[in-house]
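Contents: one structure, followed by commentary.
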Number of protein chains: 4
Amino acid sequence: MSNKKVVLAYSGGLDTTVIIPWLKENYNYDVIAACIDVGQGNETEGLEERALKSGASKFYLKTVTEEFITDYIYPTMKAGAVYETSYMLGTSMARPLIAKVLVDIALQEGAEAICHGATGKGNDQVRFELTIKALAPQLKIIAPWRIWDMQSREDEIAYCQERGIECPVKKGDSYSRDRNIWHISHEGLELEDPAQEPNYDKLLKLGVTPQAAPDQGTAISISFEKGIPVAINGEAMDPVTLLTTLNELGGQNGIGIVDILENRVVGMKSRGVYETPGGTILYKAHEQLEHMCLDKQTYAYKQTIAIKFAELVYSGEWFTPLREALSAFVDSTQEVITGTVHLVLYKGNIIPAGCTSPNSLYNESIASFTTGELYDHKDAEGFINLFGLSMKIRGMLNNSKN
Amino acid sequence: MSNKKVVLAYSGGLDTTVIIPWLKENYNYDVIAACIDVGQGNETEGLEERALKSGASKFYLKTVTEEFITDYIYPTMKAGAVYETSYMLGTSMARPLIAKVLVDIALQEGAEAICHGATGKGNDQVRFELTIKALAPQLKIIAPWRIWDMQSREDEIAYCQERGIECPVKKGDSYSRDRNIWHISHEGLELEDPAQEPNYDKLLKLGVTPQAAPDQGTAISISFEKGIPVAINGEAMDPVTLLTTLNELGGQNGIGIVDILENRVVGMKSRGVYETPGGTILYKAHEQLEHMCLDKQTYAYKQTIAIKFAELVYSGEWFTPLREALSAFVDSTQEVITGTVHLVLYKGNIIPAGCTSPNSLYNESIASFTTGELYDHKDAEGFINLFGLSMKIRGMLNNSKN
Amino acid sequence: MSNKKVVLAYSGGLDTTVIIPWLKENYNYDVIAACIDVGQGNETEGLEERALKSGASKFYLKTVTEEFITDYIYPTMKAGAVYETSYMLGTSMARPLIAKVLVDIALQEGAEAICHGATGKGNDQVRFELTIKALAPQLKIIAPWRIWDMQSREDEIAYCQERGIECPVKKGDSYSRDRNIWHISHEGLELEDPAQEPNYDKLLKLGVTPQAAPDQGTAISISFEKGIPVAINGEAMDPVTLLTTLNELGGQNGIGIVDILENRVVGMKSRGVYETPGGTILYKAHEQLEHMCLDKQTYAYKQTIAIKFAELVYSGEWFTPLREALSAFVDSTQEVITGTVHLVLYKGNIIPAGCTSPNSLYNESIASFTTGELYDHKDAEGFINLFGLSMKIRGMLNNSKN
Amino acid sequence: MSNKKVVLAYSGGLDTTVIIPWLKENYNYDVIAACIDVGQGNETEGLEERALKSGASKFYLKTVTEEFITDYIYPTMKAGAVYETSYMLGTSMARPLIAKVLVDIALQEGAEAICHGATGKGNDQVRFELTIKALAPQLKIIAPWRIWDMQSREDEIAYCQERGIECPVKKGDSYSRDRNIWHISHEGLELEDPAQEPNYDKLLKLGVTPQAAPDQGTAISISFEKGIPVAINGEAMDPVTLLTTLNELGGQNGIGIVDILENRVVGMKSRGVYETPGGTILYKAHEQLEHMCLDKQTYAYKQTIAIKFAELVYSGEWFTPLREALSAFVDSTQEVITGTVHLVLYKGNIIPAGCTSPNSLYNESIASFTTGELYDHKDAEGFINLFGLSMKIRGMLNNSKN
């Protein structure tokens with residue numbers, strides 16, 4: 001066929017099913033459906049058949065879960081980046097990778113455009129499109145939700161039925177969700193009213209509430225090398241196994257559930273509930289080790305860096321010089337983040353239970369009450385006198401005016 | 001008497017009991033013992049008698065618990081300041097107030113010096129002395145632990161016994177603690193080895209562990225006006241009652257226990273366990289309301305301000321132009337932080353359960369999936385095109401080089 | 001007349017002249033032309049006649065030069081805000097005030113919309129429109145350059161001639177300029193090629209190049225109260241007179257010319273030459289006084305605040321909670337910025353020539369080589385030992401590994 | 001000899017001459033005098049003889065000028081670091097390198113201690129000693145000015161004369177200076193009164209005042225590769241030649257003279273005049289190229305990084321994890337800082353005269369007034385609508401309350 005081609009970010013859901021015939025009708029494109037697997041669970045089965053039946057000319061399934069962990073999750077975790085103190089960036093980190101793989105396929109296929117099913121109100125359109133602009137600015141971007149007249153699920157179903165395409169209808173009352181190996185997000189229904197409590201019993205997918213977690217906690221240890229987790233309970237694991245293990249442990253123990261009103265890139269607030277069971281454990285463990293191995297100034301400045309890092313990731317600015325420069329900063333600090341952290345997981349709590357590191361800056365003889373060789377109590381007077389000198393001068397000045 | 005006077009920060013413990021005769025012998029001072037009550041519980045009873053018996057010429061008991069809350073705790077809470085992501089600054093905030101009251105007494109009494117019993121390795125000496133330098137730079141400061149030869153509790157007891165002074169001996173194996181209405185801190189014993197788990201059963205004073213908390217959670221609401229908590233469950237309360245109530249609720253539910261290796265002002269790491277039951281609830285509630293009422297940019301910048309604010313408070317730099325300027329920033333942002341936050345307290349968890357505010361920036365019609373009047377999906381394309389313009393130009397430049 | 005009304009930001013130039021008939025034809029509006037005078041010089045004469053001749057139904061001339069200085073320029077100068085290290089925000093600060101006055105007129109007139117002549121590529125559209133959205137979100141905004149088909153000056157002239165409207169044609173080879181009492185900006189022509197040197201002889205309006213300035217410098221003093229300039233050479237002056245005086249002195253001496261490639265809000269780079277003669281002197285003088293009266297930490301943090309302040313002003317975000325909170329920070333620091341600064345203006349240089357302040361933190365007896373009462377050289381050892389303690393511990397750790 | 005050894009930072013001046021016999025008498029050390037040449041001009045001649053005559057057992061002259069430029073100056077310049085907006089860190093950058101070489105010699109010689117002649121009030125003691133603590137924490141540090149009883153130059157001269165040691169007396173009325181290839185600093189005399197104008201005619205060493213500079217300016221170009229200057233006027237030069245050339249050009253043209261009241265590390269203010277002729281040109285040129293090649297966000301964040309970088313360098317914290325992490329950030333941004341900058345040097349002014357770079361993000365077709373392919377004016381509306389959405393929502397909220 002001599003048609004021009006478009007690569008469609010395809011999930012097999014209603015939205016992207018509808019988009020296939022819509023693209024063919026409105027652009028006369030050959031539609032290449034591409035499912036990028038970043039650990040969304042069993043949602044990838046049977047996709048190829050469904051895509052071709054819906055009119056796609058070709059189907060790709062690219063599994064990049066490990067790359068997602070090592071090249072997107074770990075840099076973000078090492079930075080300690082959390083958006084607005086609560087959101088652990090699960091969807092935000094996945095989008096640039098997905099878009100990057102779409103670009104790779106588009107270049108390989110000689111496609112003219114990339115199409116995604118993100119809505120015109122959300123963050124994901126921004127994250128997809130910024131990545132495409134950064135990596136392949138010559139590609140056209142098609143975002144049907146900003147173009148077509150369909151306004152609802154019902155419109156989409158009607159559109160499919162008119163064309164005899166089977167559509168994967170979820171119940172109309174379900175939440176809007178995004179899942180990958182790091183997290184699952186939930187939006188919609190009662191969550192749209194911030195005054196309401198989330199209906200956790202219906203909501204949760206990766207674990208249970210703290211209330212439903214077992215009465216007996218779980219003790220674990222996590223070992224890190226240069227900021228990267230490498231073993232659980234002393235057993236070395238590859239990244240996917242390690243994170244999967246932590247997800248199970250965290251989910252069972254009611255860990256990592258967040259309910260937040262957040263500021264979207266496009267200027268509005270929205271409310272989401274997130275489950276990040278393993279990720280929450282990893283962040284906590286990593287932080288414990290940083291408390292042990294980073295000096296005061298580095299720790300303080302890195303906190304500021306983390307805020308900016310999170311903003312960039314949230315806003316889809318992964319492939320930018322600033323994010324790369326921040327990562328260079330972070331990587332430099334991680335040289336010493338090696339050691340083992342002990343934790344107890346218990347009903348939503350992650351309780352520190354001791355930490356060791358060959359790079360520990362803690363020195364028991366200095367920290368203890370009694371005098372040691374390294375530290376002379378008398379030094380403190382000189383320290384305070386100079387540390388407080390400008391306060392004293394200002395105090396004198398103030399006194400002289402009264 | 002015509003002796004010169006010193007004001008001693010007096011707690012009635014072993015250290016400050018020893019200091020009274022030591023000051024008299026070494027400086028020939030009249031010793032004015034001053035106990036500044038910032039809510040340390042029943043530790044203030046019988047102090048006057050003990051002070052005078054130990055040789056003090058005068059005794060002051062100043063209760064400034066409400067001032068502590070309104071003028072020190074609330075400004076810090078409004079800032080969202082937490083030191084090194086974990087420590088809620090309970091001792092740090094109290095020291096400048098205590099020192100300020102000591103200065104007030106010294107000026108009123110015409111004393112020449114102020115004396116405190118903080119050690120030469122800790123943060124408290126810095127906090128006391130910086131405040132004195134800022135407020136009354138002409139006063140001498142005496143810090144016996146940096147001067148005398150006593151090295152241990154045993155030395156102190158011997159010193160008392162030689163002089164026939166009764167000494168309030170705690171068991172030799174106890175932790176080093178500091179308590180006020182906001183928190184209690186614990187240091188020493190097994191905590192000096194960061195590899196060891198804290199012995200929570202012996203340690204805790206203000207509450208229980210999550211494991212020991214009741215199986216049934218507690219639902220509460222907290223109402224704020226301009227960032228200040230004013231009511232619990234709809235009942236208006238004065239600051240002391242409100243915080244006391246939250247401490248009880250938090251303590252019962254295993255909330256606010258922190259185990260941290262922190263960087264002291266004087267350059268070493270130390271390990272502490274802190275209980276801040278009510279404070280932890282307040283911070284969480286306040287944060288929920290900020291998520292609702294602050295715009296994205298203000299929220300992000302305020303996070304950075306919070307880090308600096310915490311550094312200053314931790315380091316004893318309360319009475320500085322920078323802390324005051326940061327507070328001016330914070331107060332400006334708090335104009336809109338009015339509303340009610342619902343929470344469930346359960347075994348160490350503080351679970352958000354809905355939030356309302358007359359200043360909410362959340363707009364359901366904008367946030368929801370369907371199109372509304374205020375938001376045109378098509379605007380997003382323009383937004384993304386310009387937001388991503390420099391990324392696209394850079395992408396083109398990179399392409400042109402390949 | 002029962003027509004709906006629009007308020008047009010009117011300058012009398014070609015663009016806004018064309019817009020009057022265009023608004024009438026396309027919207028059937030009564031056009032209220034409003035010229036907001038922020039000190040653009042003699043450009044306001046004869047405007048009313050021209051506006052009415054062009055079809056406006058009403059004309060306003062609002063002179064807000066003093067408000068511009070006191071409420072926009074001084075807060076920005078006190079912040080020390082400079083965009084991208086060079087641009088002193090002359091146009092950026094004026095736009096929110098102009099828009100605010102337009103809003104006032106629109107509300108008073110019961111107008112439905114505000115129209116401005118800023119182009120679709122520039123910053124000014126953003127600054128105008130954000131202000132309108134913040135202050136009167138119900139008003140429609142009309143930006144003809146983003147709507148109509150005219151592409152050039154020639155199109156506009158033709159449009160006028162077809163309608164028999166006289167048009168104020170500047171020569172086709174002129175620069176694009178914006179002027180107010182703070183500055184003038186120049187864009188276009190040779191400046192569009194960053195490799196080219198600006199043609200200063202044709203460009204400059206407010207002063208001369210350093211090369212053309214007199215061989216004899218001018219010595220002046222500026223006195224400040226709480227960060228606000230109040231007198232020159234000891235003579236108290238109102239804000240307009242003071243700034244006008246400095247503009248003359250600065251312009252004569254070749255001061256305040258900047259040539260910069262800057263990043264616009266809308267994502268592209270553009271190149272401009274700015275003349276800010278008086279403003280450059282004010283910033284330098286203010287900085288001298290801050291060096292004298294601010295302590296180290298406040299000074300350092302205020303530098304960071306200045307960067308954010310400049311970003312916000314540049315981006316049109318004047319009427320935001322964050323800008324207001326930053327101003328609260330700044331105002332707090334300015335309490336002590338009182339004193340007199342001596343400067344020599346000479347061929348582009350502003351040379352400090354001494355400074356005095358009742359709030360000076362400089363203390364000659366401390367700063368000098370010899371020992372004084374306030375400072376004990378021996379304190380330095382203790383200071384360095386503790387300031388460097390974590391470096392020493394890390395050094396020991398590193399050694400132990402080799 | 002079996003004596004223990006000390007390495008002395010030796011300049012041949014009065015202070016370090018006195019220290020040699022003082023060390024021998026008070027510590028019974030063998031004194032190894034080490035002069036570290038970082039480009040202080042002809043001051044290194046005849047030093048060995050003088051050192052040995054004064055009683056040193058050994059003399060080292062280490063010339064590390066090129067290392068100073070490439071490993072200390074360039075990283076700082078790439079960061080754009082300037083302390084308190086004015087001081088270009090000439091002495092600050094040299095101290096850690098000098099201390100590092102002293103440590104190298106001490107380790108090689110098996111010395112027990114390092115001794116320096118910096119006073120107890122200044123920054124240099126901090127910079128020397130922090131570096132030694134970081135690199136060789138086991139070494140003792142001896143700072144005679146904090147120990148001995150000598151208080152003045154006269155005391156020192158008497159000390160020498162009593163021992164028959166020739167002393168290199170400068171006139172008693174001279175400034176205190178520090179010079180290297182980057183700059184010279186001046187302190188003392190009339191500078192100790194901040195109200196006084198510097199006596200530039202007596203002061204300056206590396207160049208002339210703007211007033212005394214030639215009436216004809218000098219046009220130059222500087223070429224950079226990844227942030228590093230590599231050629232002047234198209235001629236490739238090694239670092240020492242390049243900086244020497246710029247120093248001459250800058251000095252002739254009255255460039256790089258700074259008069260500043262600065263906040264020392266030890267808490268006091270001091271006043272200095274600095275000459276940094278070549279460095280000032282380099283910073284300006286480098287900044288021009290960054291304006292061309294860095295995107296808005298990277299530029300803004302790098303400005304904040306620069307402030308912290310300067311603080312660390314000024315405070316002697318070169319060999320810290322934070323400085324290294326900041327350098328990693330900076331280096332990441334410098335990948336694209338390649339190109340050529342044209343400047344005119346004229347009587348204190350550095351006037352940009354055009355800039356070119358293969359990595360320029362400036363795109364003339366986008367920046368110009370007319371519409372091009374890459375930029376659709378209509379996108380701006382969508383951009384502004386979303387960029388201003390939260391301002392609009394807040395505006396609506398405010399309106400609803402009135």
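We label chains A, B, ... in the order they appear in the structure tokens, count residues from 1 in each chain, and number ligands from 1 in the order shown.
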(Q) as number ranges by chain, please: the residues near Pro229 in chain A (cut-off 12 Å, only C-alpha atoms, same-chain neighbours under 2 positions excluded). (A) A: 69-70, 73-75, 77-78, 221-227, 231-243, 246, 278-279, 281-286, 289, 334, 337-341
Would you tabulate, counting only C-alpha atoms, all residues of chain D that have an atom at most 6 Å from an atom of chain C, showing the closest pair of atoms and their distance in Å to one decimal, sorted by chain then ascending number, as a Markdown table?
```
| residue | atom | partner | partner_atom | distance |
| --- | --- | --- | --- | --- |
| D:Gly120 | CA | C:His377 | CA | 4.5 |
| D:Leu130 | CA | C:Gly388 | CA | 5.6 |
| D:Lys133 | CA | C:Lys392 | CA | 4.8 |
| D:Ala134 | CA | C:Gly395 | CA | 4.6 |
| D:Leu135 | CA | C:Gly395 | CA | 5.7 |
| D:Pro137 | CA | C:Lys392 | CA | 5.5 |
| D:Arg146 | CA | C:Lys378 | CA | 5.3 |
| D:Pro194 | CA | C:Gly354 | CA | 5.6 |
| D:Ala195 | CA | C:Gly354 | CA | 4.1 |
| D:Gln196 | CA | C:Gly354 | CA | 4.8 |
| D:Glu197 | CA | C:Ala353 | CA | 4.4 |
| D:Leu261 | CA | C:His291 | CA | 5.7 |
| D:Asn263 | CA | C:Lys296 | CA | 5.5 |
| D:Lys269 | CA | C:Tyr362 | CA | 5.2 |
| D:Ser270 | CA | C:Ala367 | CA | 5.6 |
| D:His291 | CA | C:Leu261 | CA | 5.7 |
| D:Lys296 | CA | C:Asn263 | CA | 5.5 |
| D:Thr304 | CA | C:Thr304 | CA | 5.9 |
| D:Ala353 | CA | C:Glu197 | CA | 4.4 |
| D:Gly354 | CA | C:Ala195 | CA | 4.1 |
| D:Cys355 | CA | C:Ala195 | CA | 4.7 |
| D:Thr356 | CA | C:Ala195 | CA | 5.6 |
| D:Tyr362 | CA | C:Lys269 | CA | 5.2 |
| D:Ala367 | CA | C:Ser270 | CA | 5.6 |
| D:His377 | CA | C:Gly120 | CA | 4.5 |
| D:Lys378 | CA | C:Arg146 | CA | 5.3 |
| D:Ala380 | CA | C:Gly120 | CA | 5.9 |
| D:Gly388 | CA | C:Leu130 | CA | 5.6 |
| D:Met391 | CA | C:Ala134 | CA | 5.0 |
| D:Lys392 | CA | C:Lys133 | CA | 4.8 |
| D:Gly395 | CA | C:Ala134 | CA | 4.6 |
```
Q: Please indicate the distance in Å from CA of Tyr27 in chain C to CA of Phe128 in chain C, rounded to one decimal place.
A: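 CA of Tyr27 in chain C sits 20.5 Å away from CA of Phe128 in chain C.
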Q: Quick one: pick out all strand (DSSP E) residues within range 92-281 of chain A from a backbone DSSP run and write them as a VMD selection string.
A: chain A and resid 113 to 115 140 to 142 176 to 179 184 to 187 218 to 225 228 to 232 235 to 236 257 to 263 269 to 275
Q: Name the residues in contact with Glu248 in chain C at a cut-off of 9 Å, using only C-alpha atoms, excluding same-chain residues fewer than 6 positions from it; report them as an MDAnalysis selection string.
A: chainID C and resid 206:207 277:278
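Going from CA of Asp37 in chain A to CA of Glu25 in chain A covers 27.7 Å.
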Q: Could you find all residues in range 160-290 of chain B that DSSP calls helix (DSSP H, G or I) from the backbone, and write them as number ranges by chain?
A: B: 160-162, 189-192, 200-203, 210-212, 239-252, 277-290
Create the file for the chosen residues now, containing C-alpha atoms and written as a PDB file, in the first residue's frame.
```
ATOM      1  CA  CYS B 160      26.569  17.497  94.631  1.00  0.00           C
ATOM      2  CA  GLN B 161      27.252  15.016  97.370  1.00  0.00           C
ATOM      3  CA  GLU B 162      30.441  16.803  98.354  1.00  0.00           C
ATOM      4  CA  LEU B 189      21.492   4.186  74.583  1.00  0.00           C
ATOM      5  CA  GLU B 190      20.747   1.872  71.675  1.00  0.00           C
ATOM      6  CA  LEU B 191      19.960   4.842  69.445  1.00  0.00           C
ATOM      7  CA  GLU B 192      23.669   5.625  69.318  1.00  0.00           C
ATOM      8  CA  TYR B 200      10.078   1.651  71.312  1.00  0.00           C
ATOM      9  CA  ASP B 201       8.534  -0.077  74.284  1.00  0.00           C
ATOM     10  CA  LYS B 202      10.897   1.690  76.664  1.00  0.00           C
ATOM     11  CA  LEU B 203      11.188   4.830  74.638  1.00  0.00           C
ATOM     12  CA  PRO B 210       1.217   1.836  65.445  1.00  0.00           C
ATOM     13  CA  GLN B 211       1.202  -1.819  66.454  1.00  0.00           C
ATOM     14  CA  ALA B 212      -0.149  -0.998  69.909  1.00  0.00           C
ATOM     15  CA  PRO B 239      -4.238  26.949  70.944  1.00  0.00           C
ATOM     16  CA  VAL B 240      -3.194  24.993  74.038  1.00  0.00           C
ATOM     17  CA  THR B 241      -6.405  23.003  74.216  1.00  0.00           C
ATOM     18  CA  LEU B 242      -6.339  22.331  70.494  1.00  0.00           C
ATOM     19  CA  LEU B 243      -2.795  21.038  70.456  1.00  0.00           C
ATOM     20  CA  THR B 244      -3.307  19.031  73.642  1.00  0.00           C
ATOM     21  CA  THR B 245      -6.357  17.419  72.095  1.00  0.00           C
ATOM     22  CA  LEU B 246      -4.459  16.517  68.941  1.00  0.00           C
ATOM     23  CA  ASN B 247      -1.561  15.161  70.978  1.00  0.00           C
ATOM     24  CA  GLU B 248      -3.915  12.807  72.758  1.00  0.00           C
ATOM     25  CA  LEU B 249      -5.610  11.674  69.575  1.00  0.00           C
ATOM     26  CA  GLY B 250      -2.319  11.280  67.762  1.00  0.00           C
ATOM     27  CA  GLY B 251      -0.586   9.519  70.610  1.00  0.00           C
ATOM     28  CA  GLN B 252      -3.408   7.022  70.994  1.00  0.00           C
ATOM     29  CA  PRO B 277       1.659  13.279  67.624  1.00  0.00           C
ATOM     30  CA  GLY B 278      -0.501  16.368  67.366  1.00  0.00           C
ATOM     31  CA  GLY B 279       1.975  18.285  65.280  1.00  0.00           C
ATOM     32  CA  THR B 280       2.154  15.582  62.655  1.00  0.00           C
ATOM     33  CA  ILE B 281      -1.625  15.698  62.294  1.00  0.00           C
ATOM     34  CA  LEU B 282      -1.586  19.480  62.013  1.00  0.00           C
ATOM     35  CA  TYR B 283       1.064  19.486  59.310  1.00  0.00           C
ATOM     36  CA  LYS B 284      -0.849  16.904  57.287  1.00  0.00           C
ATOM     37  CA  ALA B 285      -4.138  18.755  57.626  1.00  0.00           C
ATOM     38  CA  HIS B 286      -2.547  22.058  56.715  1.00  0.00           C
ATOM     39  CA  GLU B 287      -0.931  20.507  53.676  1.00  0.00           C
ATOM     40  CA  GLN B 288      -4.275  19.183  52.462  1.00  0.00           C
ATOM     41  CA  LEU B 289      -5.735  22.646  52.585  1.00  0.00           C
ATOM     42  CA  GLU B 290      -2.758  24.099  50.749  1.00  0.00           C
TER      43      GLU B 290
END
```
Q. B:Ala219, B:Ile32, B:Leu139, B:Leu386: which is nearest Leu374 in chain D, counting only C-alpha atoms?
A. B:Leu386
